[in-house]
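Okay, coords-v4.txt now, which holds compact mmCIF, C-alpha atoms and all ligand atoms:
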# COMPACT_ATOMS: atom_id res chain seq x y z
CA MET P 1454 28.31 53.47 -22.14
CA LYS P 1455 27.85 49.74 -21.59
CA TYR P 1456 30.52 47.14 -20.86
CA ALA P 1457 30.81 43.73 -22.51
CA SER P 1458 31.05 40.61 -20.40
CA ILE P 1459 31.70 36.98 -21.30
CA LYS P 1460 28.54 34.93 -20.76
CA GLY P 1461 29.69 31.55 -22.07
CA THR P 1462 32.60 29.77 -23.72
CA GLY P 1463 32.80 26.85 -26.14
CA SER P 1464 35.24 25.01 -28.34
CA TYR P 1465 35.66 22.23 -30.86
CA LEU P 1466 38.57 19.99 -31.79
CA PRO P 1467 38.59 17.60 -34.75
CA GLU P 1468 38.63 13.92 -33.82
CA LYS P 1469 41.91 12.94 -35.48
CA ILE P 1470 45.06 13.35 -33.38
CA VAL P 1471 48.50 13.54 -35.02
CA THR P 1472 51.40 12.60 -32.72
CA ASN P 1473 55.00 13.79 -32.94
CA ASP P 1474 56.04 10.24 -33.83
CA GLU P 1475 53.72 10.29 -36.83
CA LEU P 1476 55.40 13.49 -38.03
CA ALA P 1477 58.85 11.99 -37.39
CA ALA P 1478 57.92 9.30 -39.91
CA MET P 1479 57.36 12.04 -42.51
CA VAL P 1480 60.18 14.56 -41.91
CA ASP P 1481 63.62 14.55 -40.22
CA THR P 1482 62.53 15.31 -36.65
CA SER P 1483 61.83 13.50 -33.39
CA ASP P 1484 59.31 13.48 -30.56
CA GLU P 1485 62.10 14.59 -28.21
CA TRP P 1486 63.13 17.60 -30.37
CA ILE P 1487 59.52 18.79 -30.79
CA ARG P 1488 58.72 18.45 -27.06
CA GLU P 1489 61.92 20.19 -25.97
CA ARG P 1490 61.83 23.08 -28.44
CA THR P 1491 58.05 23.71 -28.52
CA GLY P 1492 56.27 21.83 -25.70
CA ILE P 1493 53.97 20.20 -28.27
CA HIS P 1494 53.11 16.49 -27.85
CA GLN P 1495 50.25 16.20 -30.32
CA ARG P 1496 47.81 18.25 -32.38
CA HIS P 1497 44.36 17.69 -33.93
CA ARG P 1498 43.78 17.65 -37.66
CA SER P 1499 40.43 18.21 -39.33
CA ALA P 1500 38.97 15.53 -41.58
CA ASP P 1501 38.88 15.93 -45.37
CA GLY P 1502 36.19 18.47 -46.18
CA GLU P 1503 35.90 19.64 -42.56
CA GLY P 1504 36.52 23.36 -42.80
CA THR P 1505 36.60 26.44 -40.63
CA GLY P 1506 32.85 27.11 -40.91
CA GLN P 1507 31.87 23.68 -39.62
CA MET P 1508 34.29 23.85 -36.68
CA ALA P 1509 33.28 27.44 -35.89
CA GLU P 1510 29.60 26.48 -35.81
CA ALA P 1511 30.30 23.64 -33.35
CA ALA P 1512 32.30 25.91 -31.01
CA ALA P 1513 29.64 28.64 -31.28
CA ARG P 1514 26.85 26.22 -30.36
CA HIS P 1515 28.78 25.08 -27.26
CA ALA P 1516 29.36 28.72 -26.23
CA MET P 1517 25.66 29.56 -26.71
CA ASP P 1518 24.65 26.51 -24.63
CA ALA P 1519 27.02 27.61 -21.86
CA ALA P 1520 25.59 31.15 -22.01
CA GLY P 1521 22.00 29.87 -22.08
CA VAL P 1522 21.15 31.76 -25.27
CA SER P 1523 19.79 30.72 -28.67
CA PRO P 1524 20.94 31.77 -32.14
CA GLU P 1525 18.01 34.24 -32.38
CA ASP P 1526 19.45 36.15 -29.39
CA ILE P 1527 22.69 36.91 -31.28
CA ASP P 1528 22.95 40.30 -33.03
CA LEU P 1529 26.61 40.24 -34.14
CA ILE P 1530 29.03 37.57 -35.33
CA VAL P 1531 32.76 38.32 -35.57
CA LEU P 1532 35.02 35.46 -36.65
CA GLY P 1533 38.81 35.55 -36.50
CA THR P 1534 40.29 33.27 -39.14
CA THR P 1535 43.10 33.05 -41.67
CA THR P 1536 41.67 29.96 -43.30
CA PRO P 1537 38.18 30.98 -44.46
CA ASP P 1538 36.33 28.24 -46.31
CA ARG P 1539 36.22 30.54 -49.34
CA VAL P 1540 37.89 33.84 -50.26
CA TYR P 1541 34.30 35.10 -50.01
CA PRO P 1542 31.66 35.10 -48.63
CA ALA P 1543 33.06 35.54 -45.15
CA THR P 1544 32.99 32.38 -43.04
CA ALA P 1545 31.09 34.39 -40.40
CA CYS P 1546 28.22 34.64 -42.92
CA GLN P 1547 28.35 30.87 -43.44
CA VAL P 1548 28.21 30.35 -39.68
CA GLN P 1549 25.24 32.72 -39.49
CA ALA P 1550 23.41 30.66 -42.14
CA ARG P 1551 24.33 27.38 -40.40
CA LEU P 1552 22.84 28.77 -37.18
CA GLY P 1553 19.61 29.57 -39.04
CA ILE P 1554 19.65 33.30 -38.36
CA ALA P 1555 19.82 36.29 -40.72
CA GLY P 1556 20.05 40.06 -40.66
CA CYS P 1557 22.69 40.79 -38.01
CA ALA P 1558 26.18 41.94 -39.00
CA ALA P 1559 28.57 39.01 -39.59
CA PHE P 1560 32.14 39.37 -40.77
CA ASP P 1561 35.62 37.87 -40.55
CA VAL P 1562 38.74 39.55 -39.20
CA GLN P 1563 42.11 38.36 -40.41
CA ALA P 1564 44.91 38.81 -37.90
CA VAL P 1565 46.36 35.26 -38.07
CA CYS P 1566 47.15 34.00 -34.54
CA SER P 1567 45.84 37.25 -33.01
CA GLY P 1568 42.52 36.74 -34.84
CA PHE P 1569 40.42 35.96 -31.77
CA ILE P 1570 41.84 38.86 -29.74
CA TYR P 1571 41.14 41.18 -32.69
CA ALA P 1572 37.61 39.77 -33.06
CA LEU P 1573 37.00 40.22 -29.33
CA GLY P 1574 38.34 43.79 -29.41
CA VAL P 1575 36.08 44.69 -32.35
CA ALA P 1576 32.96 43.02 -30.93
CA GLU P 1577 33.58 44.65 -27.55
CA LYS P 1578 33.52 48.08 -29.21
CA PHE P 1579 30.16 47.29 -30.88
CA ILE P 1580 28.72 46.44 -27.48
CA ARG P 1581 30.29 49.36 -25.63
CA THR P 1582 28.84 51.80 -28.18
CA GLU P 1583 25.47 50.02 -27.95
CA SER P 1584 25.55 48.96 -31.60
CA ALA P 1585 25.04 45.34 -30.52
CA THR P 1586 23.84 43.64 -27.35
CA ARG P 1587 24.92 40.01 -27.67
CA ALA P 1588 27.75 38.85 -29.91
CA LEU P 1589 29.27 35.58 -30.93
CA VAL P 1590 33.04 35.95 -31.09
CA ILE P 1591 34.83 33.02 -32.69
CA GLY P 1592 38.42 32.04 -33.50
CA ALA P 1593 38.72 29.10 -35.91
CA ASP P 1594 41.43 27.83 -38.22
CA VAL P 1595 42.43 24.80 -40.27
CA HIS P 1596 46.07 25.81 -40.44
CA SER P 1597 46.97 22.25 -41.47
CA ARG P 1598 45.77 23.23 -44.98
CA LEU P 1599 48.47 25.93 -45.20
CA LEU P 1600 51.48 23.73 -44.44
CA ASP P 1601 54.33 22.35 -46.49
CA TRP P 1602 54.46 18.81 -45.06
CA ALA P 1603 58.10 18.51 -46.13
CA ASP P 1604 59.14 21.56 -44.06
CA ARG P 1605 60.02 20.30 -40.56
CA SER P 1606 60.32 23.81 -39.17
CA THR P 1607 56.62 24.57 -39.71
CA CYS P 1608 54.63 21.32 -40.14
CA ILE P 1609 55.24 20.25 -36.54
CA LEU P 1610 53.80 23.43 -35.03
CA PHE P 1611 50.20 23.80 -36.11
CA GLY P 1612 46.88 22.12 -35.33
CA ASP P 1613 43.22 22.70 -36.22
CA GLY P 1614 40.35 23.77 -33.98
CA ALA P 1615 37.82 26.42 -33.00
CA GLY P 1616 36.88 28.36 -29.88
CA ALA P 1617 34.08 30.83 -29.19
CA VAL P 1618 32.58 33.10 -26.57
CA VAL P 1619 29.24 34.84 -26.22
CA ILE P 1620 29.66 38.40 -24.97
CA GLU P 1621 26.80 40.50 -23.78
CA ALA P 1622 26.12 44.12 -22.75
CA SER P 1623 26.32 44.69 -19.02
CA ASP P 1624 26.61 47.54 -16.53
CA GLU P 1625 29.76 46.06 -14.95
CA PRO P 1626 33.01 45.08 -16.67
CA GLY P 1627 33.50 42.38 -18.12
CA ILE P 1628 36.12 43.16 -20.62
CA MET P 1629 38.11 45.84 -18.81
CA SER P 1630 40.25 46.81 -21.79
CA SER P 1631 41.46 45.48 -25.12
CA HIS P 1632 44.62 46.45 -26.98
CA LEU P 1633 45.29 45.75 -30.68
CA HIS P 1634 48.50 46.38 -32.62
CA ALA P 1635 50.18 45.52 -35.92
CA ASP P 1636 53.44 46.15 -37.75
CA GLY P 1637 53.27 45.14 -41.40
CA ARG P 1638 57.01 45.54 -41.91
CA TYR P 1639 57.51 42.07 -40.45
CA GLU P 1640 55.78 40.25 -43.34
CA PRO P 1641 59.02 38.59 -44.57
CA LEU P 1642 59.36 36.67 -41.29
CA LEU P 1643 55.96 34.97 -41.49
CA TYR P 1644 53.64 34.75 -44.49
CA VAL P 1645 51.77 32.39 -46.80
CA ASP P 1646 53.06 31.92 -50.34
CA GLY P 1647 50.68 32.52 -53.21
CA SER P 1648 48.70 35.63 -53.96
CA VAL P 1649 45.27 36.62 -55.17
CA ALA P 1650 47.00 39.51 -57.01
CA ASP P 1651 48.82 36.96 -59.18
CA GLY P 1652 45.61 35.07 -59.88
CA TYR P 1653 44.43 32.70 -57.20
CA ASP P 1654 45.49 29.51 -58.98
CA ALA P 1655 48.35 30.90 -61.09
CA GLN P 1656 51.28 28.48 -61.41
CA SER P 1657 53.68 31.32 -60.68
CA ALA P 1658 52.06 31.97 -57.33
CA GLY P 1659 53.19 28.58 -55.97
CA PRO P 1660 51.42 26.58 -53.29
CA ALA P 1661 49.70 28.48 -50.49
CA VAL P 1662 51.96 27.33 -47.66
CA THR P 1663 53.37 28.94 -44.53
CA ARG P 1664 56.90 30.38 -44.73
CA MET P 1665 58.50 31.32 -41.44
CA GLN P 1666 61.82 32.32 -39.95
CA GLY P 1667 60.98 30.68 -36.64
CA ASN P 1668 63.83 31.87 -34.46
CA GLU P 1669 63.35 35.51 -35.56
CA VAL P 1670 59.60 35.25 -34.93
CA PHE P 1671 60.36 33.78 -31.52
CA LYS P 1672 62.52 36.73 -30.45
CA VAL P 1673 60.06 39.41 -31.58
CA ALA P 1674 57.15 37.52 -29.98
CA VAL P 1675 58.82 37.34 -26.55
CA ARG P 1676 59.75 41.05 -26.66
CA THR P 1677 56.37 42.19 -27.91
CA LEU P 1678 54.30 40.11 -25.49
CA GLY P 1679 56.36 41.47 -22.60
CA ARG P 1680 55.45 45.00 -23.73
CA ILE P 1681 51.75 44.24 -24.08
CA VAL P 1682 51.60 42.89 -20.52
CA ASP P 1683 52.93 46.25 -19.30
CA GLU P 1684 50.53 48.21 -21.53
CA THR P 1685 47.50 46.22 -20.39
CA LEU P 1686 48.25 46.55 -16.68
CA ALA P 1687 49.05 50.26 -17.00
CA ALA P 1688 45.80 50.97 -18.88
CA ASN P 1689 43.88 49.54 -15.93
CA GLY P 1690 46.08 50.99 -13.19
CA LEU P 1691 46.77 47.46 -11.93
CA LYS P 1692 49.84 45.70 -10.62
CA ARG P 1693 50.77 42.30 -12.03
CA GLN P 1694 49.61 40.58 -8.79
CA ALA P 1695 46.02 41.44 -9.78
CA VAL P 1696 46.08 38.90 -12.60
CA ASP P 1697 44.62 35.52 -11.59
CA TRP P 1698 45.16 33.72 -14.89
CA LEU P 1699 47.25 34.19 -18.01
CA ILE P 1700 45.56 32.78 -21.10
CA PRO P 1701 48.23 33.13 -23.75
CA HIS P 1702 48.36 32.30 -27.42
CA GLN P 1703 49.62 28.72 -27.61
CA ALA P 1704 52.51 28.81 -30.10
CA ASN P 1705 55.47 27.57 -28.11
CA LEU P 1706 55.78 26.68 -24.41
CA ARG P 1707 59.02 28.66 -24.16
CA ILE P 1708 57.26 31.85 -25.37
CA ILE P 1709 54.47 31.24 -22.83
CA GLN P 1710 57.00 30.74 -20.02
CA ALA P 1711 58.73 34.01 -20.92
CA THR P 1712 55.44 35.94 -20.65
CA ALA P 1713 54.59 34.24 -17.35
CA LYS P 1714 58.03 35.21 -16.04
CA LYS P 1715 57.39 38.81 -17.04
CA LEU P 1716 54.17 38.70 -14.97
CA ARG P 1717 55.97 36.73 -12.24
CA LEU P 1718 53.04 34.31 -12.41
CA PRO P 1719 53.72 30.68 -11.45
CA MET P 1720 52.99 28.27 -14.29
CA ASP P 1721 50.03 26.81 -12.36
CA ARG P 1722 48.25 30.16 -13.00
CA VAL P 1723 48.90 29.90 -16.75
CA VAL P 1724 46.57 27.94 -19.00
CA VAL P 1725 48.68 25.71 -21.23
CA THR P 1726 47.11 23.67 -24.03
CA VAL P 1727 49.94 23.82 -26.56
CA ASP P 1728 51.01 20.29 -25.50
CA LYS P 1729 47.71 18.83 -26.69
CA HIS P 1730 46.56 21.28 -29.38
CA GLY P 1731 49.74 22.69 -30.94
CA ASN P 1732 49.31 26.16 -32.41
CA THR P 1733 45.68 26.42 -33.54
CA SER P 1734 46.16 30.02 -34.72
CA ALA P 1735 43.03 32.13 -34.10
CA ALA P 1736 41.46 29.28 -32.12
CA SER P 1737 44.22 28.96 -29.56
CA VAL P 1738 43.19 31.57 -26.98
CA PRO P 1739 39.44 30.72 -26.88
CA LEU P 1740 40.27 26.99 -26.87
CA ALA P 1741 42.55 27.50 -23.85
CA LEU P 1742 39.94 29.69 -22.14
CA ASP P 1743 37.17 27.15 -22.66
CA THR P 1744 39.39 24.28 -21.46
CA ALA P 1745 40.12 26.00 -18.14
CA VAL P 1746 36.53 27.22 -17.66
CA ARG P 1747 35.12 23.73 -18.23
CA ASP P 1748 37.63 21.94 -16.00
CA GLY P 1749 36.77 24.37 -13.19
CA ARG P 1750 40.12 26.17 -12.89
CA ILE P 1751 38.78 29.58 -13.95
CA LYS P 1752 36.03 30.90 -11.70
CA ARG P 1753 33.58 33.80 -12.04
CA GLY P 1754 35.02 37.09 -10.80
CA GLU P 1755 38.66 36.21 -11.53
CA ILE P 1756 40.87 38.48 -13.62
CA LEU P 1757 42.17 36.99 -16.84
CA LEU P 1758 44.86 38.34 -19.13
CA LEU P 1759 44.36 37.09 -22.68
CA GLU P 1760 47.14 37.78 -25.19
CA ALA P 1761 48.24 36.76 -28.67
CA PHE P 1762 50.89 37.35 -31.29
CA GLY P 1763 50.80 36.35 -34.95
CA GLY P 1764 51.54 36.95 -38.60
CA GLY P 1765 51.39 40.53 -39.76
CA PHE P 1766 52.89 40.93 -37.27
CA THR P 1767 49.78 41.46 -35.19
CA TRP P 1768 49.48 41.32 -31.44
CA GLY P 1769 46.93 42.17 -28.80
CA SER P 1770 45.50 41.55 -25.38
CA ALA P 1771 42.34 41.78 -23.34
CA LEU P 1772 41.97 42.09 -19.60
CA VAL P 1773 38.76 40.44 -18.45
CA ARG P 1774 36.91 40.10 -15.18
CA PHE P 1775 35.29 36.74 -15.89
N1 LIG P 1801 63.19 18.87 -35.88
C1 LIG P 1801 64.54 18.85 -35.75
N2 LIG P 1801 65.32 19.91 -36.02
C2 LIG P 1801 64.70 21.02 -36.45
C3 LIG P 1801 63.30 21.11 -36.60
C4 LIG P 1801 62.55 19.98 -36.31
N3 LIG P 1801 61.21 19.96 -36.40
N4 LIG P 1801 63.00 22.36 -37.03
C5 LIG P 1801 64.15 23.04 -37.13
N5 LIG P 1801 65.17 22.22 -36.79
C6 LIG P 1801 66.61 22.53 -36.77
C7 LIG P 1801 66.99 23.66 -37.69
O1 LIG P 1801 67.15 23.21 -39.01
C8 LIG P 1801 68.29 24.12 -37.07
O2 LIG P 1801 69.32 23.24 -37.49
P1 LIG P 1801 70.79 23.81 -37.81
O3 LIG P 1801 71.29 24.35 -36.48
O4 LIG P 1801 71.50 22.59 -38.27
O5 LIG P 1801 70.61 24.87 -38.85
C9 LIG P 1801 68.07 23.89 -35.56
O6 LIG P 1801 66.98 22.97 -35.48
C10 LIG P 1801 67.77 25.16 -34.81
O7 LIG P 1801 66.77 25.86 -35.52
P2 LIG P 1801 66.03 27.11 -34.93
O8 LIG P 1801 65.00 27.59 -35.90
O9 LIG P 1801 67.06 28.10 -34.44
O10 LIG P 1801 65.34 26.43 -33.65
P3 LIG P 1801 64.51 27.07 -32.51
O11 LIG P 1801 65.02 26.63 -31.20
O12 LIG P 1801 64.29 28.54 -32.71
O13 LIG P 1801 63.06 26.35 -32.66
C11 LIG P 1801 60.90 26.89 -33.56
C12 LIG P 1801 62.35 26.50 -33.87
C13 LIG P 1801 60.18 27.09 -34.88
C14 LIG P 1801 60.27 25.77 -32.76
C15 LIG P 1801 60.91 28.19 -32.71
O14 LIG P 1801 61.78 29.13 -33.28
C16 LIG P 1801 59.55 28.81 -32.59
O15 LIG P 1801 58.64 28.24 -32.01
N6 LIG P 1801 59.40 30.04 -33.12
C17 LIG P 1801 58.17 30.76 -33.04
C18 LIG P 1801 57.25 30.23 -34.07
C19 LIG P 1801 55.88 30.75 -33.92
O16 LIG P 1801 55.43 30.93 -32.82
N7 LIG P 1801 55.20 30.96 -35.05
C20 LIG P 1801 53.87 31.36 -35.08
C21 LIG P 1801 53.73 32.76 -34.61
S1 LIG P 1801 52.18 32.93 -33.91

I need this file expressed as structure tokens, please.
Ligand code: COA
Amino acid sequence: MKYASIKGTGSYLPEKIVTNDELAAMVDTSDEWIRERTGIHQRHRSADGEGTGQMAEAAARHAMDAAGVSPEDIDLIVLGTTTPDRVYPATACQVQARLGIAGCAAFDVQAVCSGFIYALGVAEKFIRTESATRALVIGADVHSRLLDWADRSTCILFGDGAGAVVIEASDEPGIMSSHLHADGRYEPLLYVDGSVADGYDAQSAGPAVTRMQGNEVFKVAVRTLGRIVDETLAANGLKRQAVDWLIPHQANLRIIQATAKKLRLPMDRVVVTVDKHGNTSAASVPLALDTAVRDGRIKRGEILLLEAFGGGFTWGSALVRF
């Protein structure tokens, strides 16, 4: 059996930045409250008409450049997103067409903020079972399109963006293990209004906007991410000191700090982008990874713990020798 290893990373952020002060002019909040409770200073917002497919393509091209491969070398595309450009076809198929390739498997996985970790876990299995040799794994979301801009408890949290990696078959790990979980009973704590079952544009379905009981989500996230750290280390027979970098989902700085504390990792070994990006949903982990690879913090051979938690609830992790 082969392993899968990360050959290159890439990301894309829309040009427009939205500051906390701009949001404070729209809803009853303040820069101070948002910074203190979430760690977020700003987020990016995609331009009108700029969707997930376009952002995903840009991130994918950067990852392929970093890996030194061309679109024709790719034989699998897995895209984590909750904001596909259309209900169907899958945005992964659109990305495939934008890259000018055809024939390989291309599909979306929907695990909200855990979307990239799910996509990575799935693509890794294709490579390990020798069903693919070189995959594009992307996380991309325009969560700004799913927000009620009058709801101060959600509209301050999210940003738009995309991140991607190229993974390739190798004889050495690479991705040492991946762990995926879900518990659908938590739907009432975090969901998007509106329903295809009611008719996509039915008046009764209401606007497709995020509804969240933030403080309840917070508590479950901290508990669950603590457990997945233990599970990931145990699966690899490693102690927490083996981890060089934590690359967490970027939802709230306080959740990130709790996971770092669990690992007893100092914050200078944790990649934090939530201050600049907000919560970019499926894009958050690969965006953070690419940021720290490109600025030289993460070096080849280091051990990275990637983790995420999101609507579903879904959660997951991957332990990677970079
Ligand atoms: N500005 C000012 N006050 C706000 C506010 C805002 N943007 N949003 C909420 N508040 C208020 C609430 O109305 C509440 O007021 P009250 O005490 O008068 O009722 C008070 O702040 C406390 O609300 P609470 O929800 O308990 O705050 P919190 O400390 O839990 O922070 C979140 C709220 C949303 C920032 C936090 O719970 C969180 O980040 N949760 C996780 C969300 C998440 O990660 N979601 C995605 C999962 S991937």

For Gln1507 of chain P, which residue among P:Ala1615, P:Ala1520, P:Leu1589, P:Val1480 is the nearest when counting only C-alpha atoms? P:Ala1615

Nearest residue to Thr1726 of chain P from the set P:Arg1551, P:His1497, P:Lys1460, P:His1632 (distances using all atoms listed in the file): P:His1497

List the neighbours of Ala1457 of chain P out to 12 Å using only C-alpha atoms; skip same-chain residues closer than 3 positions along the sequence, and give me the result as a PyMOL selection string. chain P and resi 1454+1460+1573-1590+1618-1631+1771-1775

Please identify all protein, DNA and RNA residues within 9 Å of ligand LIG 1801 (chain P), counting all atoms listed in the file, and report them as a ChimeraX atom specification. /P:1476-1477,1480-1487,1489-1491,1565-1567,1604-1611,1643,1665-1674,1702-1708,1732,1734,1761-1764,1766-1767

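Atom CA of Ile1530 of chain P to atom CA of Ala1572 of chain P spans 9.1 Å [interatomic distance, one decimal].
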
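Put simply, atom CA of Gly1647 of chain P is 19.8 Å away from atom CA of Gly1504 of chain P.
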
Fewer than 5 positions away in the same chain doesn't count, so skip those; otherwise give me all residues within 6 Å of segment 1498-1500 of chain P, counting all atoms listed in the file, as a ChimeraX atom specification. /P:1467,1469,1612-1613

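Taking atom CA of Ala1558 of chain P and atom CA of Leu1529 of chain P as the two end points, the separation is 5.2 Å.
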
Produce a table with one row for each residue of segment 1494-1599 of chain P that has an atom at most 7 Å from any atom of segment 1736-1748 of chain P, each row naming the nearest atom pair and its distance in Å at one decimal; use all atoms listed in the file; arrange rows by chain and rising residue number; format as JSON lines.
{"residue": "P:Phe1569", "atom": "CA", "partner": "P:Ala1736", "partner_atom": "CA", "distance": 6.8}
{"residue": "P:Gly1592", "atom": "CA", "partner": "P:Ala1736", "partner_atom": "CA", "distance": 4.3}
{"residue": "P:Ala1593", "atom": "CA", "partner": "P:Ala1736", "partner_atom": "CA", "distance": 4.7}
{"residue": "P:Asp1594", "atom": "CA", "partner": "P:Ala1736", "partner_atom": "CA", "distance": 6.3}

Can you write out the residues you just picked, keeping C-alpha atoms, as a PDB file, keeping the file's coordinate frame?
ATOM      1  CA  PHE P1569      40.420  35.960 -31.770  1.00  0.00           C
ATOM      2  CA  GLY P1592      38.420  32.040 -33.500  1.00  0.00           C
ATOM      3  CA  ALA P1593      38.720  29.100 -35.910  1.00  0.00           C
ATOM      4  CA  ASP P1594      41.430  27.830 -38.220  1.00  0.00           C
TER       5      ASP P1594
END

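With distances restricted to all atoms listed in the file, P:Trp1698 is the closest residue to Leu1718 of chain P from P:Trp1698, P:Tyr1465, P:Tyr1644, P:Tyr1571.
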
Would you list the contacts of Leu1716 of chain P as number ranges by chain, taking every protein, DNA or RNA residue within 9 Å and counting only C-alpha atoms, but skipping same-chain residues closer than 6 positions in sequence? P: 1679, 1682-1683, 1693-1694, 1696, 1699

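With distances restricted to only C-alpha atoms, P:Glu1760 is the closest residue to Ile1681 of chain P from P:Asp1538, P:Asp1561, P:Glu1640, P:Glu1760.
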
In terms of the shortest atom-to-atom distance over only C-alpha atoms, which of P:Pro1701, P:Gly1749, P:Gly1492, P:Gly1769 is closest to Val1723 of chain P? P:Pro1701

Please determine an axis-aligned box that encloses all atoms of segment 1569-1577 of chain P listed in the file, with 5 Å added on each side, and express its centre and edge lengths in Å to one decimal as lines of an AutoDock Vina configuration file.
center_x = 37.4
center_y = 40.3
center_z = -30.3
size_x = 18.9
size_y = 18.7
size_z = 15.5
